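Structure data (compact mmCIF, C-alpha atoms) from model.txt:
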```txt
# COMPACT_ATOMS: atom_id res chain seq x y z
CA MET A 1151 39.07 86.79 -26.19
CA ARG A 1152 38.41 83.07 -25.70
CA GLU A 1153 40.82 82.25 -28.49
CA PHE A 1154 43.43 84.65 -27.11
CA LEU A 1155 43.14 82.93 -23.71
CA ALA A 1156 43.33 79.50 -25.34
CA VAL A 1157 46.58 80.43 -27.10
CA ILE A 1158 48.16 81.78 -23.91
CA ARG A 1159 47.09 78.81 -21.79
CA ALA A 1160 48.31 76.30 -24.39
CA GLY A 1161 51.62 78.12 -24.88
CA SER A 1162 51.45 78.01 -28.66
CA ILE A 1163 48.99 78.55 -31.50
CA SER A 1164 49.44 74.96 -32.65
CA GLU A 1165 48.52 73.51 -29.24
CA ALA A 1166 45.59 75.91 -28.94
CA ALA A 1167 44.35 74.84 -32.36
CA ARG A 1168 44.39 71.18 -31.29
CA GLY A 1169 42.59 72.01 -28.04
CA THR A 1170 39.89 74.23 -29.55
CA GLY A 1171 39.38 72.54 -32.90
CA VAL A 1172 39.95 75.88 -34.66
CA PRO A 1173 42.43 75.67 -37.56
CA ARG A 1174 45.91 76.96 -36.75
CA ALA A 1175 45.86 79.49 -39.60
CA THR A 1176 42.49 80.81 -38.42
CA LEU A 1177 43.75 81.27 -34.86
CA ARG A 1178 46.87 83.06 -36.05
CA ARG A 1179 44.80 85.34 -38.29
CA ARG A 1180 42.43 86.22 -35.44
CA ILE A 1181 45.27 87.01 -33.02
CA VAL A 1182 46.86 89.28 -35.64
CA ALA A 1183 43.47 90.94 -36.22
CA LEU A 1184 43.02 91.44 -32.48
CA GLU A 1185 46.43 93.13 -32.21
CA ALA A 1186 45.63 95.30 -35.22
CA ASP A 1187 42.27 96.30 -33.74
CA LEU A 1188 43.90 97.27 -30.41
CA GLY A 1189 46.92 98.88 -32.04
CA VAL A 1190 49.38 97.08 -29.73
CA ARG A 1191 51.48 93.92 -29.72
CA LEU A 1192 50.05 91.31 -27.36
CA ILE A 1193 52.28 88.27 -27.88
CA VAL A 1194 55.97 87.78 -28.64
CA ARG A 1195 57.60 84.50 -29.63
CA ARG A 1196 60.26 83.01 -27.35
CA THR A 1197 62.44 79.98 -28.09
CA THR A 1198 59.94 77.36 -26.96
CA ARG A 1199 56.80 79.23 -25.93
CA LEU A 1200 54.86 82.39 -26.52
CA ALA A 1201 55.20 85.25 -24.03
CA LEU A 1202 52.98 88.21 -23.26
CA THR A 1203 53.86 91.85 -23.64
CA HIS A 1204 52.75 94.29 -20.94
CA ALA A 1205 49.63 95.01 -22.99
CA GLY A 1206 49.02 91.30 -23.36
CA GLU A 1207 49.26 90.77 -19.61
CA GLU A 1208 46.74 93.56 -19.02
CA LEU A 1209 44.31 92.07 -21.54
CA LEU A 1210 44.77 88.59 -20.06
CA LYS A 1211 43.89 89.84 -16.56
CA ARG A 1212 40.74 91.57 -17.78
CA ALA A 1213 39.73 88.98 -20.36
CA GLU A 1214 39.62 86.17 -17.81
CA ARG A 1215 37.16 88.13 -15.70
CA ILE A 1216 35.08 89.30 -18.69
CA ILE A 1217 34.68 85.74 -19.93
CA ALA A 1218 33.81 84.49 -16.45
CA ASP A 1219 31.16 87.23 -16.17
CA ALA A 1220 29.81 86.42 -19.62
CA ASP A 1221 29.57 82.72 -18.80
CA ALA A 1222 27.78 83.51 -15.56
CA ALA A 1223 25.37 85.85 -17.39
CA TRP A 1224 24.62 83.25 -20.05
CA ASP A 1225 24.03 80.56 -17.42
CA SER A 1226 21.81 82.86 -15.40
CA VAL A 1227 19.66 83.80 -18.39
CA ARG A 1228 19.45 80.25 -19.71
CA ARG A 1229 18.32 78.85 -16.38
CA LEU A 1230 15.96 81.76 -15.67
CA ASP A 1231 16.42 81.45 -11.94
CA ASP A 1232 18.01 83.37 -9.08
CA THR A 1233 20.52 80.77 -7.94
CA PRO A 1234 24.01 82.06 -7.01
CA ARG A 1235 26.62 80.51 -9.28
CA GLY A 1236 29.93 81.29 -10.90
CA LEU A 1237 33.11 82.98 -9.67
CA LEU A 1238 32.89 85.38 -6.69
CA ARG A 1239 35.96 87.46 -5.83
CA VAL A 1240 36.13 89.02 -2.36
CA SER A 1241 38.77 91.30 -0.81
CA LEU A 1242 38.90 91.78 2.96
CA ALA A 1243 41.28 93.67 5.23
CA GLY A 1244 43.02 90.92 7.15
CA ALA A 1245 42.43 87.19 7.43
CA LEU A 1246 38.97 87.54 8.97
CA PHE A 1247 35.77 85.53 9.30
CA PRO A 1248 36.83 82.19 7.73
CA THR A 1249 33.53 80.47 8.61
CA LEU A 1250 31.66 83.03 6.50
CA PHE A 1251 33.28 81.63 3.36
CA THR A 1252 33.08 77.95 4.20
CA ALA A 1253 29.38 78.28 5.11
CA PHE A 1254 28.70 80.15 1.88
CA LEU A 1255 30.34 77.43 -0.21
CA ARG A 1256 28.32 74.74 1.55
CA GLU A 1257 25.08 76.64 0.99
CA PHE A 1258 25.74 77.45 -2.67
CA PRO A 1259 27.59 74.55 -4.34
CA GLU A 1260 27.61 76.24 -7.77
CA VAL A 1261 29.71 79.18 -6.52
CA LYS A 1262 33.50 79.38 -6.81
CA LEU A 1263 35.23 81.67 -4.30
CA GLU A 1264 38.48 83.62 -4.59
CA VAL A 1265 39.26 85.48 -1.35
CA GLN A 1266 42.16 87.89 -1.01
CA SER A 1267 43.31 89.22 2.34
CA THR A 1268 44.95 92.61 1.82
CA THR A 1269 45.22 96.01 3.41
CA ARG A 1270 45.80 97.84 0.11
CA TYR A 1271 43.08 99.84 -1.62
CA VAL A 1272 41.38 97.60 -4.17
CA ASP A 1273 39.90 99.04 -7.37
CA LEU A 1274 36.91 96.75 -7.83
CA LEU A 1275 36.42 97.36 -11.54
CA ALA A 1276 40.10 97.30 -12.53
CA ASP A 1277 40.96 94.30 -10.32
CA GLY A 1278 37.82 92.31 -11.13
CA VAL A 1279 36.68 92.15 -7.49
CA ASP A 1280 32.99 91.66 -6.66
CA VAL A 1281 32.95 92.64 -2.98
CA ALA A 1282 35.52 94.49 -0.85
CA MET A 1283 35.79 95.83 2.67
CA ARG A 1284 36.32 99.58 3.06
CA ILE A 1285 37.58 101.10 6.30
CA GLY A 1286 36.73 104.79 6.33
CA PRO A 1287 34.38 106.91 4.22
CA VAL A 1288 33.40 105.52 0.80
CA LYS A 1289 33.87 108.37 -1.68
CA ASP A 1290 33.58 106.44 -4.95
CA GLN A 1291 30.13 107.18 -6.40
CA ASP A 1292 30.33 104.09 -8.63
CA LEU A 1293 30.12 101.86 -5.56
CA ILE A 1294 27.25 100.85 -3.30
CA ALA A 1295 28.25 100.67 0.37
CA ARG A 1296 26.60 98.60 3.11
CA LEU A 1297 27.64 99.91 6.52
CA ILE A 1298 28.40 97.03 8.87
CA HIS A 1299 30.26 98.58 11.77
CA THR A 1300 31.34 101.93 13.20
CA ASP A 1301 34.40 102.50 15.37
CA ARG A 1302 36.51 105.49 16.37
CA GLN A 1303 40.17 106.16 15.78
CA ILE A 1304 41.97 107.21 18.96
CA VAL A 1305 45.56 107.98 19.92
CA VAL A 1306 47.20 105.55 22.34
CA ALA A 1307 50.66 105.02 23.78
CA ALA A 1308 52.37 102.72 26.29
CA PRO A 1309 52.76 104.06 29.86
CA ASP A 1310 56.55 103.65 29.75
CA TYR A 1311 56.72 105.72 26.58
CA LEU A 1312 54.57 108.48 28.04
CA ASN A 1313 56.68 108.57 31.23
CA SER A 1314 59.86 109.20 29.26
CA ALA A 1315 58.52 111.40 26.45
CA PRO A 1316 57.52 115.10 26.47
CA THR A 1317 54.14 115.76 28.08
CA LEU A 1318 51.10 115.71 25.80
CA PHE A 1319 48.85 118.64 26.69
CA LYS A 1320 47.53 119.49 23.23
CA ALA A 1321 47.52 118.15 19.67
CA SER A 1322 50.46 120.31 18.55
CA ASP A 1323 52.63 118.58 21.20
CA LEU A 1324 52.63 115.51 18.95
CA ARG A 1325 55.28 117.22 16.82
CA LYS A 1326 57.75 116.43 19.61
CA HIS A 1327 56.81 112.73 19.63
CA ASP A 1328 57.51 109.62 17.60
CA CYS A 1329 54.24 108.73 15.90
CA LEU A 1330 53.46 105.34 14.39
CA LEU A 1331 52.02 105.99 10.95
CA GLY A 1332 49.58 104.26 8.66
CA PHE A 1333 49.43 104.84 4.92
CA ALA A 1334 47.34 107.41 3.07
CA GLY A 1335 48.21 105.86 -0.30
CA GLU A 1336 50.16 102.99 -1.83
CA TRP A 1337 53.53 104.22 -0.47
CA THR A 1338 52.52 107.54 1.10
CA SER A 1339 52.56 107.53 4.89
CA ASN A 1340 49.79 109.40 6.70
CA ARG A 1341 51.54 112.33 8.38
CA ASN A 1342 48.37 114.30 9.11
CA TRP A 1343 46.13 113.11 11.92
CA PRO A 1344 42.50 114.30 12.11
CA LEU A 1345 41.38 116.85 14.67
CA ARG A 1346 37.93 116.33 16.13
CA SER A 1347 37.17 120.00 15.57
CA GLY A 1348 38.10 119.72 11.89
CA GLY A 1349 41.39 119.94 10.04
CA THR A 1350 44.54 117.98 10.86
CA VAL A 1351 47.74 118.12 12.87
CA ALA A 1352 51.11 117.27 11.31
CA VAL A 1353 53.00 114.33 12.84
CA ASN A 1354 56.22 112.45 12.13
CA GLY A 1355 57.67 109.09 12.99
CA ARG A 1356 60.22 106.43 12.08
CA LEU A 1357 57.73 103.62 11.40
CA ALA A 1358 54.97 103.50 8.78
CA ALA A 1359 52.99 100.31 8.13
CA ASN A 1360 49.71 99.32 6.54
CA ASP A 1361 49.33 96.43 8.99
CA ILE A 1362 47.41 97.30 12.14
CA GLY A 1363 49.07 94.48 14.04
CA ILE A 1364 52.52 95.97 13.42
CA LEU A 1365 51.44 99.41 14.62
CA GLN A 1366 49.77 97.91 17.69
CA GLN A 1367 52.87 95.91 18.64
CA ALA A 1368 55.17 98.87 18.09
CA CYS A 1369 52.94 100.93 20.36
CA LEU A 1370 52.97 98.21 23.04
CA ASP A 1371 56.78 98.10 22.76
CA GLY A 1372 56.95 101.81 23.60
CA LEU A 1373 58.05 103.06 20.19
CA GLY A 1374 55.58 105.93 20.02
CA CYS A 1375 51.96 107.07 19.76
CA ALA A 1376 49.55 105.36 17.39
CA LEU A 1377 46.29 106.51 15.83
CA ILE A 1378 44.32 103.29 15.71
CA ALA A 1379 40.80 101.85 15.77
CA SER A 1380 39.60 101.62 19.36
CA ALA A 1381 38.41 98.01 18.96
CA VAL A 1382 41.96 96.90 18.13
CA VAL A 1383 43.38 98.24 21.41
CA ALA A 1384 40.36 97.95 23.73
CA GLU A 1385 41.80 94.97 25.64
CA ASP A 1386 45.21 96.66 25.91
CA ILE A 1387 43.58 99.77 27.39
CA HIS A 1388 41.55 97.77 29.89
CA ALA A 1389 44.69 95.87 30.91
CA GLY A 1390 46.71 99.07 31.32
CA ARG A 1391 49.18 98.18 28.57
CA LEU A 1392 48.13 101.24 26.56
CA VAL A 1393 46.76 104.63 27.56
CA PRO A 1394 44.42 106.79 25.42
CA VAL A 1395 45.60 110.39 25.03
CA LEU A 1396 44.18 113.59 23.54
CA LEU A 1397 40.71 112.03 23.28
CA GLU A 1398 38.97 115.39 23.05
CA GLU A 1399 41.30 116.72 20.37
CA ILE A 1400 42.31 113.93 17.99
CA GLY A 1401 40.37 111.15 16.33
CA THR A 1402 37.56 110.51 13.91
CA GLU A 1403 34.63 108.18 13.35
CA LEU A 1404 35.64 105.07 11.42
CA PRO A 1405 32.87 103.49 9.32
CA ILE A 1406 33.50 99.96 8.06
CA SER A 1407 31.53 98.92 4.98
CA LEU A 1408 31.22 96.27 2.34
CA VAL A 1409 31.18 97.74 -1.16
CA TYR A 1410 30.24 96.45 -4.59
CA ALA A 1411 29.81 97.97 -8.03
CA ASP A 1412 26.69 100.05 -8.69
CA ARG A 1413 24.97 98.11 -11.46
CA GLU A 1414 21.39 97.81 -12.63
CA TYR A 1415 21.57 94.04 -12.24
CA ILE A 1416 23.06 92.69 -9.02
CA ASP A 1417 24.40 89.19 -9.49
CA PRO A 1418 22.62 86.71 -7.16
CA LYS A 1419 25.94 85.48 -5.73
CA VAL A 1420 26.92 89.05 -4.80
CA ARG A 1421 23.54 89.81 -3.23
CA GLU A 1422 23.46 86.59 -1.19
CA PHE A 1423 27.07 86.99 -0.04
CA ILE A 1424 26.54 90.60 1.06
CA ASP A 1425 23.41 89.68 3.05
CA ARG A 1426 25.25 86.95 4.95
CA ALA A 1427 28.51 88.86 5.33
CA VAL A 1428 26.83 91.88 6.91
CA LYS A 1429 25.30 89.70 9.63
CA VAL A 1430 28.45 87.67 10.32
CA ILE A 1431 30.87 90.61 10.33
CA ALA A 1432 28.59 92.78 12.49
CA ARG A 1433 28.37 89.91 14.99
CA GLU A 1434 32.05 88.93 15.05
CA MET A 1435 33.78 92.30 14.62
CA PRO A 1436 35.69 93.27 17.79
CA LYS A 1437 33.73 95.72 19.92
CA PRO A 1438 34.97 99.35 20.14
CA TRP A 1439 36.54 100.64 23.34
CA SER A 1440 33.78 101.70 25.73
CA GLY A 1441 35.60 104.81 26.94
CA THR A 1442 36.49 103.40 30.37
CA THR A 1443 39.58 101.65 31.67
CA THR A 1444 37.87 99.47 34.25
```
As structure tokens, please, write out the structure in this file.
Amino acid sequence: MREFLAVIRAGSISEAARGTGVPRATLRRRIVALEADLGVRLIVRRTTRLALTHAGEELLKRAERIIADADAAWDSVRRLDDTPRGLLRVSLAGALFPTLFTAFLREFPEVKLEVQSTTRYVDLLADGVDVAMRIGPVKDQDLIARLIHTDRQIVVAAPDYLNSAPTLFKASDLRKHDCLLGFAGEWTSNRNWPLRSGGTVAVNGRLAANDIGILQQACLDGLGCALIASAVVAEDIHAGRLVPVLLEEIGTELPISLVYADREYIDPKVREFIDRAVKVIAREMPKPWSGTTT
């Protein structure tokens, strides 16, 4: 894998041979053997440089992480200590808690951080991510979850919208309303909102977004009802810009957790980051709506 990476990074077998000190013929033979072992073509020759096939791109993505993990494991065993070091990849929902990362880098100078802010579902093992934030129940049994916060999803709407729209007496009345939708999957909008008694109610709407800020603004602009975490709209409710509706009928508890892979050996950098992140996020996470408007 190291030689495969060296060839790709150098752009040619000849350049890789000069950089690694491995003879050009040996490198070529090993790349051919690797392709034969996998049963797929990894590299194709272009006019001036080598290019990756789809299989080659997939191996490159995984090989970089495997080698980084191997290097970290070797270093850890050689030094026989518990010092966090090596590459740490973190995925959070939204650009949150910047001081958490800067403080961690200052405290552990041998750690390298890669932080991705995204609202999409991240597959930790496939994407090579060490720690991710999960909003909602954690169903993957291959992950360990540390609960850091609990909120509640509620339905809210702007007063002007409610004044001009059909009256909302019960959950089924939502079928007559424009609802602002989140996503249940990569490109599948969530058209079933949870009932507090169990089950769901079908809803429809013209806007679906995986960004809470977009849904919040659309709700404030009177474009419909939104099912949203109470902490996001607590200030808007207190200020009268939004009104909670159907509180007794619709909504669900919303656990927020940090998750990492369930392994016998927990890397020191993962353990130390989780311990600090739980404290910082629990302290700085916006507080849920208290249930009052005054």
12 Å contact set for region 1355-1359 of chain A, only C-alpha atoms, chain neighbours under 3 positions out, as a PDB file with C-alpha atoms, in the frame of the given file:
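Contents of the output file selection_27.pdb:
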```pdb
ATOM      1  CA  THR A1269      45.220  96.010   3.410  1.00  0.00           C
ATOM      2  CA  ARG A1270      45.800  97.840   0.110  1.00  0.00           C
ATOM      3  CA  LEU A1324      52.630 115.510  18.950  1.00  0.00           C
ATOM      4  CA  ARG A1325      55.280 117.220  16.820  1.00  0.00           C
ATOM      5  CA  LYS A1326      57.750 116.430  19.610  1.00  0.00           C
ATOM      6  CA  HIS A1327      56.810 112.730  19.630  1.00  0.00           C
ATOM      7  CA  ASP A1328      57.510 109.620  17.600  1.00  0.00           C
ATOM      8  CA  CYS A1329      54.240 108.730  15.900  1.00  0.00           C
ATOM      9  CA  LEU A1330      53.460 105.340  14.390  1.00  0.00           C
ATOM     10  CA  LEU A1331      52.020 105.990  10.950  1.00  0.00           C
ATOM     11  CA  GLY A1332      49.580 104.260   8.660  1.00  0.00           C
ATOM     12  CA  PHE A1333      49.430 104.840   4.920  1.00  0.00           C
ATOM     13  CA  ALA A1334      47.340 107.410   3.070  1.00  0.00           C
ATOM     14  CA  GLY A1335      48.210 105.860  -0.300  1.00  0.00           C
ATOM     15  CA  GLU A1336      50.160 102.990  -1.830  1.00  0.00           C
ATOM     16  CA  TRP A1337      53.530 104.220  -0.470  1.00  0.00           C
ATOM     17  CA  THR A1338      52.520 107.540   1.100  1.00  0.00           C
ATOM     18  CA  SER A1339      52.560 107.530   4.890  1.00  0.00           C
ATOM     19  CA  ASN A1340      49.790 109.400   6.700  1.00  0.00           C
ATOM     20  CA  ARG A1341      51.540 112.330   8.380  1.00  0.00           C
ATOM     21  CA  ASN A1342      48.370 114.300   9.110  1.00  0.00           C
ATOM     22  CA  ALA A1352      51.110 117.270  11.310  1.00  0.00           C
ATOM     23  CA  ILE A1362      47.410  97.300  12.140  1.00  0.00           C
ATOM     24  CA  GLY A1363      49.070  94.480  14.040  1.00  0.00           C
ATOM     25  CA  ILE A1364      52.520  95.970  13.420  1.00  0.00           C
ATOM     26  CA  LEU A1365      51.440  99.410  14.620  1.00  0.00           C
ATOM     27  CA  GLN A1366      49.770  97.910  17.690  1.00  0.00           C
ATOM     28  CA  GLN A1367      52.870  95.910  18.640  1.00  0.00           C
ATOM     29  CA  ALA A1368      55.170  98.870  18.090  1.00  0.00           C
ATOM     30  CA  CYS A1369      52.940 100.930  20.360  1.00  0.00           C
ATOM     31  CA  LEU A1373      58.050 103.060  20.190  1.00  0.00           C
ATOM     32  CA  GLY A1374      55.580 105.930  20.020  1.00  0.00           C
ATOM     33  CA  CYS A1375      51.960 107.070  19.760  1.00  0.00           C
ATOM     34  CA  ALA A1376      49.550 105.360  17.390  1.00  0.00           C
ATOM     35  CA  LEU A1377      46.290 106.510  15.830  1.00  0.00           C
ATOM     36  CA  ILE A1378      44.320 103.290  15.710  1.00  0.00           C
TER      37      ILE A1378
END
```
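Distances here use all atoms listed in the file; by that measure, the residue among A:Val1305, A:Leu1188, A:Ala1220, A:Ile1163 closest to Ala1205 (chain A) is A:Leu1188.
Using only C-alpha atoms, the nearest neighbour of Gly1349 (chain A) within the list A:Thr1300, A:Thr1170, A:Asn1313, A:Thr1402 is A:Thr1402.
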Checklist entry - For Leu1275 (chain A), which residue out of A:Ser1164, A:Leu1297, A:Ser1322, A:Ala1411 is the nearest one, using all atoms listed in the file? => result A:Ala1411
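Proximity ranking of A:Pro1234, A:Gly1169, A:Pro1248, A:Gly1278 relative to Ala1218 (chain A) places A:Gly1278 first, based on only C-alpha atoms.
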Item to check | Distance query 8 Å from (36.4, 101.1, 13.3) using only C-alpha atoms, result as a PyMOL selection string | outcome: chain A and resi 1285-1286+1299-1303+1379-1381+1403-1406+1438
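Each of A:Val1428, A:Leu1209, A:Ala1307, A:Met1283 was checked against Glu1185 (chain A) using all atoms listed in the file; the smallest atom-to-atom distance is that of A:Leu1209.
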